[in-house]
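What follows is a set of notes on a single structure, which appears directly below.
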Amino acid sequence: EDANKAFYASLNAMFAGDMAPMDAIWEHSPDVTYLPPTGKRLAGWKAVRESWQKQAKMKMGGKVEAKDVRVVMAAPTVAVVTATEVGENPNTPDGPMKVSIRATNIYRRGNLGWKMIHHHTDLLPELVK
């Protein structure tokens with residue numbers, strides 16, 4: 001639960017242009033994956049980080065929160081979290097964008113604690129181009 005709260009804090013910091021918390025919450029391994037609301041599939045920390053960096057540079061602002069959070073321990077070192085992401089990004093190229101999408105987050109516990117290894121959201125039609 002703490003790792004998931006840290007992810008959403010890092011997401012909101014990223015919306016303001018600060019990548020440091022996002023770097024800290026993710027595991028930096030070649031098997032991490034991200035299926036963003038644009039419809040792409042990214043694999044490996046380098047590709048995942050590049051996507052977050054691109055979003056951080058946009059400085060979309062606003063806030064997204066996890067609602068209806070459910071945590072399942074899939075194994076002693078793997079947790080699966082499902083939630084609904086709700087919020088708004090006021091500074092997108094097309095103007096304010098409301099967010100209400102389903103999300104799945106997977107965390108793995110290692111030497112550095114719980115780190116995200118997967119984030120998947122529904123598509124946001126405004127971002128699929």
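We name chains A, B, ... following the order of the structure tokens; residues begin at 1 in each chain, and ligands are numbered from 1 as shown.
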In chain A, DSSP alpha helix (DSSP H) residues written as a ChimeraX atom specification
/A:2-15,20-25,45-58
Please identify the strand (DSSP E) residues within segment 18-128 of chain A (assignment by DSSP from backbone atoms) and present them as a PyMOL selection string.
chain A and resi 33-35+42-43+63-75+78-92+95-110+113-121
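Atom CA of Thr104 of chain A sits 5.8 Å away from atom CA of His119 of chain A.
If you look at atom CA of Lys63 of chain A and atom CA of His120 of chain A, they are 17.8 Å away from each other.
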Skipping near chain neighbours, those fewer than 4 positions away, what residues fall within 10 Å of segment 77-87 of chain A using only C-alpha atoms, listed as a ChimeraX atom specification?
/A:1,3-4,8,62-73,97-110,113-122
What does the structure give for the distance between atom CA of Arg49 of chain A and atom CA of Asp23 of chain A, in Å to one decimal?
7.6 Å
Of the residues A:Val48, A:Gly39, A:Ala56, A:Thr33, which is the one nearest to Ala20 of chain A, using only C-alpha atoms?
A:Ala56
Write out as a ChimeraX atom specification the residues lying within 12 Å of Met60 of chain A, counting only C-alpha atoms and excluding same-chain residues fewer than 5 positions away.
/A:11-18,54-55,87-98
Grab the residues selected above and save them as a tab-separated table (two decimals), in the first residue's frame with N, CA, C and O atoms.
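Heads up, here's the output in again27.tsv:
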```
chain	number	residue	atom	x	y	z
A	11	LEU	N	3.69	10.23	-9.56
A	11	LEU	CA	2.94	10.59	-10.77
A	11	LEU	C	2.58	12.07	-10.75
A	11	LEU	O	2.78	12.78	-11.75
A	12	ASN	N	2.09	12.54	-9.63
A	12	ASN	CA	1.72	13.95	-9.53
A	12	ASN	C	2.93	14.87	-9.56
A	12	ASN	O	2.87	15.96	-10.12
A	13	ALA	N	4.05	14.43	-9.00
A	13	ALA	CA	5.29	15.21	-9.11
A	13	ALA	C	5.74	15.27	-10.57
A	13	ALA	O	6.19	16.31	-11.06
A	14	MET	N	5.60	14.15	-11.28
A	14	MET	CA	5.96	14.10	-12.70
A	14	MET	C	5.10	15.07	-13.50
A	14	MET	O	5.58	15.75	-14.40
A	15	PHE	N	3.81	15.18	-13.16
A	15	PHE	CA	2.94	16.13	-13.86
A	15	PHE	C	3.44	17.56	-13.71
A	15	PHE	O	3.18	18.42	-14.54
A	16	ALA	N	4.17	17.83	-12.62
A	16	ALA	CA	4.74	19.17	-12.38
A	16	ALA	C	6.14	19.30	-12.97
A	16	ALA	O	6.76	20.35	-12.86
A	17	GLY	N	6.65	18.21	-13.58
A	17	GLY	CA	7.96	18.26	-14.22
A	17	GLY	C	9.09	17.63	-13.42
A	17	GLY	O	10.23	17.65	-13.85
A	18	ASP	N	8.81	17.05	-12.25
A	18	ASP	CA	9.84	16.48	-11.39
A	18	ASP	C	9.88	14.96	-11.59
A	18	ASP	O	8.98	14.24	-11.18
A	54	LYS	N	9.20	12.23	-21.14
A	54	LYS	CA	8.45	13.00	-22.14
A	54	LYS	C	7.22	13.64	-21.50
A	54	LYS	O	6.93	14.81	-21.73
A	55	GLN	N	6.52	12.88	-20.67
A	55	GLN	CA	5.35	13.42	-19.99
A	55	GLN	C	5.74	14.52	-18.99
A	55	GLN	O	5.05	15.53	-18.88
A	87	GLY	N	-8.84	12.17	-11.77
A	87	GLY	CA	-8.25	13.49	-11.58
A	87	GLY	C	-8.35	14.33	-12.83
A	87	GLY	O	-9.20	14.09	-13.70
A	88	GLU	N	-7.45	15.31	-12.92
A	88	GLU	CA	-7.45	16.22	-14.06
A	88	GLU	C	-6.04	16.74	-14.30
A	88	GLU	O	-5.29	16.99	-13.37
A	89	ASN	N	-5.72	16.88	-15.59
A	89	ASN	CA	-4.49	17.54	-16.02
A	89	ASN	C	-4.90	18.79	-16.77
A	89	ASN	O	-5.39	18.71	-17.90
A	90	PRO	N	-4.72	19.98	-16.18
A	90	PRO	CA	-5.23	21.21	-16.80
A	90	PRO	C	-4.39	21.75	-17.95
A	90	PRO	O	-4.90	22.52	-18.76
A	91	ASN	N	-3.13	21.34	-18.07
A	91	ASN	CA	-2.24	21.98	-19.03
A	91	ASN	C	-1.82	21.07	-20.18
A	91	ASN	O	-0.66	21.03	-20.56
A	92	THR	N	-2.76	20.33	-20.76
A	92	THR	CA	-2.42	19.51	-21.91
A	92	THR	C	-2.48	20.37	-23.17
A	92	THR	O	-3.10	21.44	-23.16
A	93	PRO	N	-1.84	19.92	-24.26
A	93	PRO	CA	-1.88	20.72	-25.50
A	93	PRO	C	-3.30	21.03	-25.99
A	93	PRO	O	-3.53	22.04	-26.63
A	94	ASP	N	-4.25	20.15	-25.66
A	94	ASP	CA	-5.64	20.35	-26.09
A	94	ASP	C	-6.52	20.94	-25.00
A	94	ASP	O	-7.75	20.92	-25.11
A	95	GLY	N	-5.91	21.47	-23.95
A	95	GLY	CA	-6.67	22.05	-22.85
A	95	GLY	C	-6.85	21.06	-21.72
A	95	GLY	O	-6.28	19.96	-21.74
A	96	PRO	N	-7.65	21.41	-20.70
A	96	PRO	CA	-7.84	20.53	-19.54
A	96	PRO	C	-8.36	19.15	-19.94
A	96	PRO	O	-9.21	19.03	-20.83
A	97	MET	N	-7.82	18.12	-19.28
A	97	MET	CA	-8.24	16.76	-19.57
A	97	MET	C	-8.61	16.06	-18.26
A	97	MET	O	-7.80	15.98	-17.34
A	98	LYS	N	-9.85	15.61	-18.18
A	98	LYS	CA	-10.29	14.84	-17.02
A	98	LYS	C	-9.83	13.40	-17.20
A	98	LYS	O	-9.79	12.88	-18.30
```
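Proximity of A:Ala75, A:Leu112, A:Met58, A:Ile25 to Trp45 of chain A, computed with only C-alpha atoms, is greatest for A:Ile25.
By chain and then residue number, the residues within 9 Å of Ser51 of chain A are Tyr34, Pro36, Leu42, Lys46, Ala47, Gln55 and Ala56 of chain A, counting only C-alpha atoms and disregarding those fewer than 4 positions away in sequence.
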